[in-house]
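Peer 1: Sharing a structure, written as structure tokens. Questions coming.
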Amino acid sequence: MDVAITGSTGLIGSALVADLEADGHRVARLVRPSSSAVDGETITWDPSAGTIDAAALEGIDALVHLAGEGIESRRWTAEQKTRILESRTRSTDMLATTIDALRQPPSVWVSGSAIGYYGDRGDDVLDEAEPPATDFLADVCRQWEAAARTDADTRIAHVRTGIVLAAHGGALRPLLPFFRLGLGGRNGDGSQYWSWISLTDEIAAIRHIIDSDLEGPVNLTAPEPVTNAEFAKALGRALGRPTVLPTPRVALDLRLGRELAEALVYTSARVQPRALLDSGFVFAHTTIDAALRDALEK
């Protein structure tokens with residue numbers, strides 16, 4: 001296949017590029033004109049300026065759109081919230097307009113989203129049929145998904161990704177130094193659900209979506225979400241360290257800001273990957289212990 005990917009230098013994008021290329025597929029990375037850190041074939045685009053090399057997208061088989069300002073890259077000021085939202089909606093809207101103008105549009109468009117769509121839902125079991133919440137991240141996800149639309153004959157899937165487990169990036173990386181020292185533990189009472197997925201399964205799921213007929217929202221989470229307390233204990237087991245000390249709320253509030261800490265750490269979303277399971281996708285890692293072992297071994 002010929003696959004074009006945005007966000008190709010991120011945790012998920014870089015792993016997806018490597019996996020596709022290892023199987024002999026041709027991958028073109030969409031990069032900004034100022035980018036110099038990307039090897040291989042590239043397609044120039046600049047969402048902030050509204051420019052893209054549309055001709056280079058003619059005839060591609062699949063488009064995977066993962067680009068966006070990092071949710072946790074800095075404190076949530078009003079300006080940062082605007083950057084988070086517009087980095088997703090503007091780039092997605094530009095891709096939609098570009099696809100509509102192509103003579104040979106891609107047959108499938110996998111467009112990013114997140115389980116932040118569901119908000120803080122306690123113990124409720126959530127599948128793709130659930131409506132969005134009304135908080136900031138839910139609104140970002142709702143607008144992000146709405147921007148991915150086209151009049152072309154292109155199948156569109158919105159991948160609502162959970163906590164991706166990898167030792168070299170994502171949510172796990174900043175936790176490891178503390179847990180390796182025996183200083184890691186639950187957050188708050190630890191009852192909030194964390195819906196996770198191994199990086200291996202994240203990449204396999206995206207490729208499954210490309211190859212299947214899945215469309216619309218698709219939850220990219222493992223079928224057995226765990227509470228924050230269970231996650232902390234599992235990480236302690238994987239590292240052979242105790243997890244008796246809870247992380248003080250004030251420490252995260254000071255580091256991230258209260259609103260961002262609440263959204264990233266204390267929100268509870270018990271998500272089920274119903275669309276993936278119904279389509280026959282088989283997870284490599286269905287338990288948190290297996291997923292953490294895989295992440296740490298790599």
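To be explicit about the labels: the chains of the structure tokens are called A, B, and onward in the order shown, and within each one the residues are counted from 1, while ligands get numbers from 1 in the order they are shown.
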Produce a table with one row for each residue of segment 37-105 of chain A that has an atom at most 10 Å from any atom of segment 257-260 of chain A, each row naming the nearest atom pair and its distance in Å at one decimal; use only C-alpha atoms; arrange rows by chain and rising residue number; format as a Markdown table.
Peer 2:
```
| residue | atom | partner | partner_atom | distance |
| --- | --- | --- | --- | --- |
| A:Ile71 | CA | A:Leu260 | CA | 8.5 |
| A:Glu72 | CA | A:Leu260 | CA | 7.3 |
| A:Arg74 | CA | A:Leu260 | CA | 9.1 |
| A:Arg75 | CA | A:Gly257 | CA | 6.0 |
| A:Trp76 | CA | A:Leu260 | CA | 6.4 |
| A:Thr77 | CA | A:Gly257 | CA | 9.4 |
```
Peer 1: Hey, what's within 10 Å of segment 272-277 of chain A if we count only C-alpha atoms and toss same-chain stuff fewer than 6 positions away? As number ranges by chain, please?
Peer 2: A: 125-129, 160-161, 195, 205, 208-209, 214-225, 283
Peer 1: If we count only C-alpha atoms and set the cut-off at 10 Å, which residues sit around Leu172 of chain A, ignoring sequence neighbours fewer than 4 positions away in its own chain? Please answer as a list of chain:residue names.
Peer 2: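 My reading of the contact set: A:Ile163, A:Val164, A:Leu165, A:Ala166, A:Ala167, A:His168, A:Leu176, A:Pro177, A:Leu235, A:Leu292, A:Ala295, A:Leu296.
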Peer 1: Quick one: of A:Ala269, A:Met1, A:Asp61, A:Ser91, who's nearest to Asp23 of chain A, counting only C-alpha atoms?
Peer 2: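 Checking each candidate against Asp23 of chain A, we get A:Met1 as the closest.
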Peer 1: Got a sec to tell me which of segment 52-288 of chain A DSSP assigns to alpha helix (DSSP H), as JSON, numbers by chain?
Peer 2: {"A": [78, 79, 80, 81, 82, 83, 84, 85, 86, 87, 88, 89, 90, 91, 92, 93, 94, 95, 96, 97, 98, 99, 100, 101, 136, 137, 138, 139, 140, 141, 142, 143, 144, 145, 146, 147, 176, 177, 178, 179, 180, 199, 200, 201, 202, 203, 204, 205, 206, 207, 208, 209, 210, 211, 228, 229, 230, 231, 232, 233, 234, 235, 236, 237, 238, 239, 249, 250, 251, 252, 253, 254, 255, 256, 258, 259, 260, 261, 274, 275, 276, 277, 278, 288]}
Peer 1: Which residues come within 8 Å of Pro105 of chain A, counting only C-alpha atoms, excluding same-chain residues fewer than 4 positions away, as a ChimeraX atom specification?
Peer 2: /A:57-61,99-100,152-154
Peer 1: Could you please take those selected residues and save N, CA and C atoms as an mmCIF file, in the first residue's frame?
Peer 2:
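again.cif was written with the following content:
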```cif
data_model
loop_
_atom_site.group_PDB
_atom_site.id
_atom_site.type_symbol
_atom_site.label_atom_id
_atom_site.label_comp_id
_atom_site.auth_asym_id
_atom_site.auth_seq_id
_atom_site.Cartn_x
_atom_site.Cartn_y
_atom_site.Cartn_z
ATOM 1 N N LEU A 57 -0.781 13.652 -2.700
ATOM 2 C CA LEU A 57 -1.740 12.734 -2.085
ATOM 3 C C LEU A 57 -2.583 11.989 -3.111
ATOM 4 N N GLU A 58 -2.447 12.354 -4.392
ATOM 5 C CA GLU A 58 -3.209 11.671 -5.441
ATOM 6 C C GLU A 58 -2.850 10.183 -5.484
ATOM 7 N N GLY A 59 -3.864 9.347 -5.390
ATOM 8 C CA GLY A 59 -3.667 7.924 -5.577
ATOM 9 C C GLY A 59 -3.171 7.156 -4.369
ATOM 10 N N ILE A 60 -3.010 7.809 -3.217
ATOM 11 C CA ILE A 60 -2.600 7.043 -2.040
ATOM 12 C C ILE A 60 -3.740 6.107 -1.634
ATOM 13 N N ASP A 61 -3.380 5.017 -0.987
ATOM 14 C CA ASP A 61 -4.385 4.038 -0.578
ATOM 15 C C ASP A 61 -5.012 4.391 0.766
ATOM 16 N N ILE A 99 -8.981 16.139 0.307
ATOM 17 C CA ILE A 99 -9.497 14.862 -0.196
ATOM 18 C C ILE A 99 -10.639 15.088 -1.177
ATOM 19 N N ASP A 100 -11.519 16.038 -0.860
ATOM 20 C CA ASP A 100 -12.658 16.321 -1.739
ATOM 21 C C ASP A 100 -12.215 16.768 -3.129
ATOM 22 N N ALA A 152 -16.060 12.514 -0.826
ATOM 23 C CA ALA A 152 -15.411 11.511 -1.662
ATOM 24 C C ALA A 152 -15.799 10.104 -1.190
ATOM 25 N N ASP A 153 -15.491 9.133 -2.010
ATOM 26 C CA ASP A 153 -15.776 7.736 -1.672
ATOM 27 C C ASP A 153 -14.650 7.198 -0.801
ATOM 28 N N THR A 154 -14.516 7.792 0.363
ATOM 29 C CA THR A 154 -13.453 7.437 1.302
ATOM 30 C C THR A 154 -14.075 6.987 2.620
#
```
Peer 1: From the list A:Pro174, A:Pro33, A:Gly236, A:Gly190, which residue is nearest Gly122 of chain A when using only C-alpha atoms?
Peer 2: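 Using only C-alpha atoms, the shortest distance to Gly122 of chain A belongs to A:Gly190.
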Peer 1: Using only C-alpha atoms, pick whichever of A:Leu175, A:Leu16, A:Asp2, A:Glu21 has the shortest atom-to-atom distance to Pro106 of chain A.
Peer 2: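 That would be A:Asp2, the residue with the smallest distance to Pro106 of chain A.
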Peer 1: Run DSSP on the backbone and grab whatever in segment 15-161 of chain A lands in strand (DSSP E); send it over as an NGL selection string.
Peer 2: :A and (26-31 or 42-46 or 51-52 or 62-65 or 108-114 or 125-126 or 155-161)
Peer 1: Using N, CA and C atoms, can you export the residues from the last selection as an mmCIF file, in the first residue's frame?
Peer 2:
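Writing done, so here's result_10.cif:
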```cif
data_model
loop_
_atom_site.group_PDB
_atom_site.id
_atom_site.type_symbol
_atom_site.label_atom_id
_atom_site.label_comp_id
_atom_site.auth_asym_id
_atom_site.auth_seq_id
_atom_site.Cartn_x
_atom_site.Cartn_y
_atom_site.Cartn_z
ATOM 1 N N ARG A 26 4.828 1.466 1.197
ATOM 2 C CA ARG A 26 5.454 2.774 0.984
ATOM 3 C C ARG A 26 4.754 3.801 1.856
ATOM 4 N N VAL A 27 5.538 4.499 2.674
ATOM 5 C CA VAL A 27 4.983 5.466 3.614
ATOM 6 C C VAL A 27 5.513 6.853 3.292
ATOM 7 N N ALA A 28 4.604 7.817 3.206
ATOM 8 C CA ALA A 28 4.978 9.218 3.035
ATOM 9 C C ALA A 28 4.522 9.980 4.276
ATOM 10 N N ARG A 29 5.437 10.712 4.884
ATOM 11 C CA ARG A 29 5.129 11.474 6.086
ATOM 12 C C ARG A 29 4.785 12.908 5.715
ATOM 13 N N LEU A 30 3.666 13.392 6.237
ATOM 14 C CA LEU A 30 3.323 14.806 6.057
ATOM 15 C C LEU A 30 4.089 15.616 7.084
ATOM 16 N N VAL A 31 4.924 16.550 6.606
ATOM 17 C CA VAL A 31 5.786 17.330 7.497
ATOM 18 C C VAL A 31 5.705 18.805 7.120
ATOM 19 N N THR A 42 8.562 12.367 2.018
ATOM 20 C CA THR A 42 7.758 13.339 2.755
ATOM 21 C C THR A 42 6.805 14.076 1.817
ATOM 22 N N ILE A 43 5.740 14.597 2.407
ATOM 23 C CA ILE A 43 4.787 15.468 1.729
ATOM 24 C C ILE A 43 4.703 16.749 2.556
ATOM 25 N N THR A 44 4.876 17.878 1.929
ATOM 26 C CA THR A 44 4.898 19.142 2.660
ATOM 27 C C THR A 44 3.486 19.641 2.942
ATOM 28 N N TRP A 45 3.276 20.027 4.195
ATOM 29 C CA TRP A 45 2.021 20.686 4.560
ATOM 30 C C TRP A 45 2.285 21.636 5.712
ATOM 31 N N ASP A 46 1.409 22.597 5.880
ATOM 32 C CA ASP A 46 1.510 23.548 6.985
ATOM 33 C C ASP A 46 0.085 23.952 7.388
ATOM 34 N N THR A 51 -1.598 25.391 3.907
ATOM 35 C CA THR A 51 -0.991 24.932 2.661
ATOM 36 C C THR A 51 -0.672 23.443 2.731
ATOM 37 N N ILE A 52 -0.783 22.790 1.582
ATOM 38 C CA ILE A 52 -0.490 21.356 1.496
ATOM 39 C C ILE A 52 -0.175 21.000 0.050
ATOM 40 N N ALA A 62 -4.203 4.911 1.689
ATOM 41 C CA ALA A 62 -4.711 5.181 3.029
ATOM 42 C C ALA A 62 -4.065 6.430 3.601
ATOM 43 N N LEU A 63 -4.864 7.188 4.358
ATOM 44 C CA LEU A 63 -4.378 8.360 5.074
ATOM 45 C C LEU A 63 -4.599 8.130 6.562
ATOM 46 N N VAL A 64 -3.552 8.319 7.357
ATOM 47 C CA VAL A 64 -3.658 8.199 8.813
ATOM 48 C C VAL A 64 -3.276 9.544 9.410
ATOM 49 N N HIS A 65 -4.224 10.145 10.111
ATOM 50 C CA HIS A 65 -4.050 11.506 10.628
ATOM 51 C C HIS A 65 -3.939 11.462 12.152
ATOM 52 N N VAL A 108 -9.368 4.855 2.377
ATOM 53 C CA VAL A 108 -9.661 4.887 3.807
ATOM 54 C C VAL A 108 -8.896 6.020 4.471
ATOM 55 N N TRP A 109 -9.542 6.646 5.420
ATOM 56 C CA TRP A 109 -8.939 7.718 6.214
ATOM 57 C C TRP A 109 -9.132 7.359 7.685
ATOM 58 N N VAL A 110 -8.028 7.073 8.378
ATOM 59 C CA VAL A 110 -8.047 6.811 9.818
ATOM 60 C C VAL A 110 -7.673 8.110 10.512
ATOM 61 N N SER A 111 -8.625 8.697 11.221
ATOM 62 C CA SER A 111 -8.413 10.017 11.809
ATOM 63 C C SER A 111 -8.431 9.922 13.330
ATOM 64 N N GLY A 112 -7.507 10.614 13.962
ATOM 65 C CA GLY A 112 -7.322 10.511 15.400
ATOM 66 C C GLY A 112 -8.466 11.074 16.224
ATOM 67 N N SER A 113 -8.626 10.522 17.399
ATOM 68 C CA SER A 113 -9.506 11.030 18.439
ATOM 69 C C SER A 113 -9.014 10.397 19.737
ATOM 70 N N ALA A 114 -9.812 10.443 20.790
ATOM 71 C CA ALA A 114 -9.354 9.911 22.078
ATOM 72 C C ALA A 114 -10.549 9.555 22.948
ATOM 73 N N VAL A 125 -19.755 1.276 31.893
ATOM 74 C CA VAL A 125 -19.059 0.623 30.786
ATOM 75 C C VAL A 125 -19.420 1.362 29.502
ATOM 76 N N LEU A 126 -18.412 1.803 28.766
ATOM 77 C CA LEU A 126 -18.616 2.709 27.640
ATOM 78 C C LEU A 126 -18.179 2.062 26.328
ATOM 79 N N ARG A 155 -13.729 5.802 3.059
ATOM 80 C CA ARG A 155 -14.202 5.298 4.353
ATOM 81 C C ARG A 155 -13.441 6.004 5.471
ATOM 82 N N ILE A 156 -14.154 6.489 6.476
ATOM 83 C CA ILE A 156 -13.518 7.246 7.555
ATOM 84 C C ILE A 156 -13.732 6.536 8.886
ATOM 85 N N ALA A 157 -12.657 6.326 9.624
ATOM 86 C CA ALA A 157 -12.728 5.760 10.970
ATOM 87 C C ALA A 157 -12.093 6.739 11.950
ATOM 88 N N HIS A 158 -12.778 6.990 13.050
ATOM 89 C CA HIS A 158 -12.277 7.869 14.107
ATOM 90 C C HIS A 158 -11.737 6.996 15.237
ATOM 91 N N VAL A 159 -10.425 6.983 15.423
ATOM 92 C CA VAL A 159 -9.834 6.092 16.426
ATOM 93 C C VAL A 159 -9.755 6.803 17.777
ATOM 94 N N ARG A 160 -10.597 6.379 18.713
ATOM 95 C CA ARG A 160 -10.621 6.935 20.060
ATOM 96 C C ARG A 160 -9.631 6.157 20.918
ATOM 97 N N THR A 161 -8.411 6.685 20.976
ATOM 98 C CA THR A 161 -7.310 5.985 21.630
ATOM 99 C C THR A 161 -7.295 6.227 23.132
#
```
Peer 1: Using only C-alpha atoms, pick whichever of A:Asp294, A:Asp151, A:Glu86, A:Asp211 has the shortest atom-to-atom distance to Val3 of chain A.
Peer 2: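 Selected residue with least distance to Val3 of chain A: A:Asp211.
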